[in-house]
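K.L.:
My structure is stored as start-v6.cif, with mmCIF, C-alpha atoms.
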```
data_query
#
loop_
_atom_site.label_atom_id
_atom_site.label_comp_id
_atom_site.auth_asym_id
_atom_site.auth_seq_id
_atom_site.Cartn_x
_atom_site.Cartn_y
_atom_site.Cartn_z
CA ALA T 10 160.94 137.64 98.39
CA LEU T 11 158.36 140.04 99.83
CA TRP T 12 159.36 139.08 103.38
CA LYS T 13 163.01 139.61 102.46
CA PHE T 14 162.18 143.05 101.02
CA MET T 15 160.41 144.11 104.22
CA ASN T 16 163.35 142.96 106.32
CA LEU T 17 165.74 144.77 103.98
CA ARG T 18 163.90 148.06 104.52
CA ARG T 19 164.17 147.64 108.30
CA PHE T 20 167.82 146.62 108.04
CA LEU T 21 168.75 149.62 105.88
CA ALA T 22 166.95 151.98 108.25
CA HIS T 23 168.87 150.46 111.17
CA LEU T 24 172.10 150.69 109.18
CA GLN T 25 171.62 154.42 108.60
CA ASN T 26 171.32 155.00 112.36
CA GLU T 27 174.41 152.93 113.16
CA LYS T 28 177.13 155.19 114.56
CA VAL T 29 179.95 152.72 115.22
CA MET T 30 180.19 151.09 111.78
CA SER T 31 182.48 152.57 109.14
CA LEU T 32 181.13 153.93 105.87
CA ARG T 33 182.97 151.16 104.01
CA ASP T 34 181.18 148.49 106.06
CA LYS T 35 177.79 150.19 105.63
CA THR T 36 178.25 150.37 101.86
CA TYR T 37 179.35 146.75 101.75
CA LEU T 38 176.32 145.58 103.75
CA GLN T 39 173.91 147.62 101.60
CA ARG T 40 175.29 146.16 98.38
CA GLN T 41 175.28 142.66 99.82
CA SER T 42 171.66 143.05 100.92
CA PHE T 43 170.59 144.23 97.47
CA ARG T 44 172.40 141.33 95.79
CA ARG T 45 170.74 138.85 98.11
CA LEU T 46 167.34 140.45 97.56
CA GLN T 47 167.86 140.08 93.81
CA ILE T 48 168.72 136.42 94.30
CA HIS T 49 165.54 135.87 96.32
CA ILE T 50 163.43 137.57 93.67
CA LEU T 51 165.09 135.60 90.88
CA LEU T 52 164.51 132.32 92.68
CA GLY T 53 160.88 133.24 93.37
CA VAL T 54 160.25 134.10 89.72
CA THR T 55 162.08 130.93 88.66
CA GLY T 56 159.84 128.85 90.91
CA ILE T 57 156.72 130.39 89.40
CA LEU T 58 158.04 129.81 85.88
CA MET T 59 158.82 126.19 86.76
CA LEU T 60 155.25 125.67 87.90
CA CYS T 61 154.02 127.20 84.65
CA GLY T 62 156.48 125.13 82.61
CA ILE T 63 155.30 121.91 84.19
CA TYR T 64 151.68 122.44 83.15
CA ILE T 65 152.31 123.55 79.56
CA PRO T 66 151.84 120.67 77.13
CA VAL T 67 155.10 120.33 75.22
CA ARG T 68 153.65 118.99 71.97
CA GLU T 69 151.00 121.68 71.64
CA TYR T 70 153.02 124.73 72.71
CA VAL T 71 156.61 123.97 71.81
CA GLN T 72 157.69 127.61 71.52
CA ALA T 73 156.11 128.69 74.81
CA TRP T 74 157.55 125.67 76.61
CA THR T 75 161.02 126.37 75.14
CA ILE T 76 160.89 130.07 76.01
CA ILE T 77 159.82 129.38 79.61
CA TRP T 78 162.53 126.79 80.21
CA LEU T 79 165.20 128.97 78.57
CA ALA T 80 164.07 131.83 80.83
CA ILE T 81 164.38 129.47 83.82
CA ILE T 82 167.91 128.50 82.82
CA ILE T 83 168.91 132.15 82.26
CA LEU T 84 167.43 133.25 85.60
CA LEU T 85 169.20 130.43 87.44
CA CYS T 86 172.50 131.31 85.76
CA TRP T 87 171.98 134.95 86.74
CA ALA T 88 171.27 133.91 90.35
CA MET T 89 174.43 131.77 90.39
CA LEU T 90 176.42 134.70 88.98
CA LEU T 91 175.08 136.97 91.73
CA ALA T 92 175.98 134.33 94.33
CA LEU T 93 179.51 134.15 92.88
CA VAL T 94 179.82 137.95 92.97
CA ASP T 95 178.60 137.87 96.58
CA TYR T 96 181.24 135.26 97.46
CA ILE T 97 184.01 137.28 95.79
CA SER T 98 182.79 140.43 97.50
CA ILE T 99 182.91 138.73 100.89
CA ARG T 100 186.46 137.49 100.25
CA LEU T 101 187.65 140.92 99.11
CA HIS T 102 185.96 142.85 101.91
CA PHE T 103 187.11 140.64 104.75
CA GLY T 104 190.50 140.02 103.12
CA ARG T 105 191.10 143.75 103.13
CA SER T 106 189.89 144.02 106.72
CA GLU T 107 192.17 141.17 107.73
CA MET T 108 195.13 142.85 106.03
CA GLU T 109 194.37 146.13 107.80
CA ASN T 110 194.19 144.26 111.11
CA ARG T 111 197.53 142.55 110.46
CA ILE T 112 199.18 145.88 109.64
CA GLU T 113 197.73 147.43 112.79
CA LYS T 114 198.96 144.46 114.86
CA ILE T 115 202.48 144.84 113.46
CA ARG T 116 202.41 148.56 114.22
CA LEU T 117 201.17 147.94 117.77
CA ASP T 118 203.79 145.22 118.33
CA TYR T 119 206.46 147.69 117.25
CA GLU T 120 205.09 150.31 119.65
CA ILE T 121 205.06 147.77 122.50
CA ARG T 122 208.68 146.76 121.81
CA LYS T 123 209.70 150.40 121.64
CA PHE T 124 207.91 151.14 124.94
CA ASP T 125 209.48 148.08 126.62
CA GLN T 126 212.96 149.16 125.48
CA GLU T 127 212.40 152.65 126.86
CA GLN T 128 211.23 151.19 130.16
CA ASP T 129 214.28 148.92 130.30
CA ARG T 130 216.57 151.90 129.68
CA LYS T 131 214.84 153.97 132.37
CA SER T 132 215.04 151.17 134.92
CA ALA T 133 218.72 150.59 134.04
CA ARG T 134 219.46 154.29 134.57
CA GLN T 135 217.60 154.28 137.89
CA ASN T 136 219.49 151.19 139.04
CA ASP T 137 222.79 152.79 138.09
CA SER T 138 222.00 156.02 139.96
CA ASN T 139 220.60 154.24 143.05
CA ASP T 140 223.46 151.74 143.50
CA PRO T 141 226.23 153.14 145.76
CA LYS T 142 229.60 152.55 144.23
CA ASN T 143 232.10 150.70 146.25
CA ASP T 144 235.19 152.88 145.70
CA SER T 145 237.02 151.72 148.81
CA GLY T 146 239.18 148.68 148.38
CA ASP T 147 239.05 145.48 150.42
CA LYS T 148 240.45 145.81 153.92
#
```
What's the structure tokens form of this structure?

P.N.:
Amino acid sequence: ALWKFMNLRRFLAHLQNEKVMSLRDKTYLQRQSFRRLQIHILLGVTGILMLCGIYIPVREYVQAWTIIWLAIIILLCWAMLLALVDYISIRLHFGRSEMENRIEKIRLDYEIRKFDQEQDRKSARQNDSNDPKNDSGDK
């Protein structure tokens, strides 16, 4: 978790200097990084609690054993909830980006068709003006 935190600091500093990325993408990546850092911390704490829970004698310290294992279950459920939120966030973010790309593609296709039609009309006009008309009859 500590290694992840150090990398997160570097990543966020790099993200602030990024000029090409949109504000929406920067915000998305920041939130995703914080969620994933939380998951790493939760899993680290859960691992430590599991080690403690293993070495507590159940018959002598029933309450402590129960509290530790309930805390483990709650932390794991919280980590799974964060992972689910991360999954939904990915789907929403990239689903929206995909929709924006589709709309832009449709708009560009329309512009291309419109341009092609204009070019066809111009070439038809040029062909009509360049072709000499044969007004004399057959001899």

K.L.:
Here's the selection I'm unsure about, the PyMOL selection byres ((chain T and resi 41) around 12); applied to the file above, which residues does it give, as a PyMOL selection string?

P.N.:
chain T and resi 17+20-21+34-40+42-48+91-99+102

K.L.:
Of the candidates T:Leu52, T:Ala133, T:Ile121, T:Leu58, which shows the shortest atom-to-atom distance to Cys86 (chain T), using all atoms listed in the file?

P.N.:
T:Leu52

K.L.:
Please provide the set of residues having any atom within 12 Å of Ile63 (chain T), restricted to all atoms listed in the file, with same-chain residues fewer than 6 positions apart removed, written as a PyMOL selection string.

P.N.:
chain T and resi 56-57+73-75+77-78+81

K.L.:
Do you have the CA of Arg105 (chain T)-CA of Leu32 (chain T) distance handy?

P.N.:
14.5 Å

K.L.:
From the set T:Ser31, T:Val54, T:Phe124, T:Leu117, which residue has the shortest atom-to-atom contact distance to Ile83 (chain T), counting all atoms listed in the file?

P.N.:
T:Val54

K.L.:
To one decimal place, how far is CA of Glu120 (chain T) from CA of Ser132 (chain T) in Å?

P.N.:
18.2 Å

K.L.:
One decimal, in Å: what's the spacing between CA of Gly53 (chain T) and CA of Glu69 (chain T)?

P.N.:
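The value is 26.5 Å.
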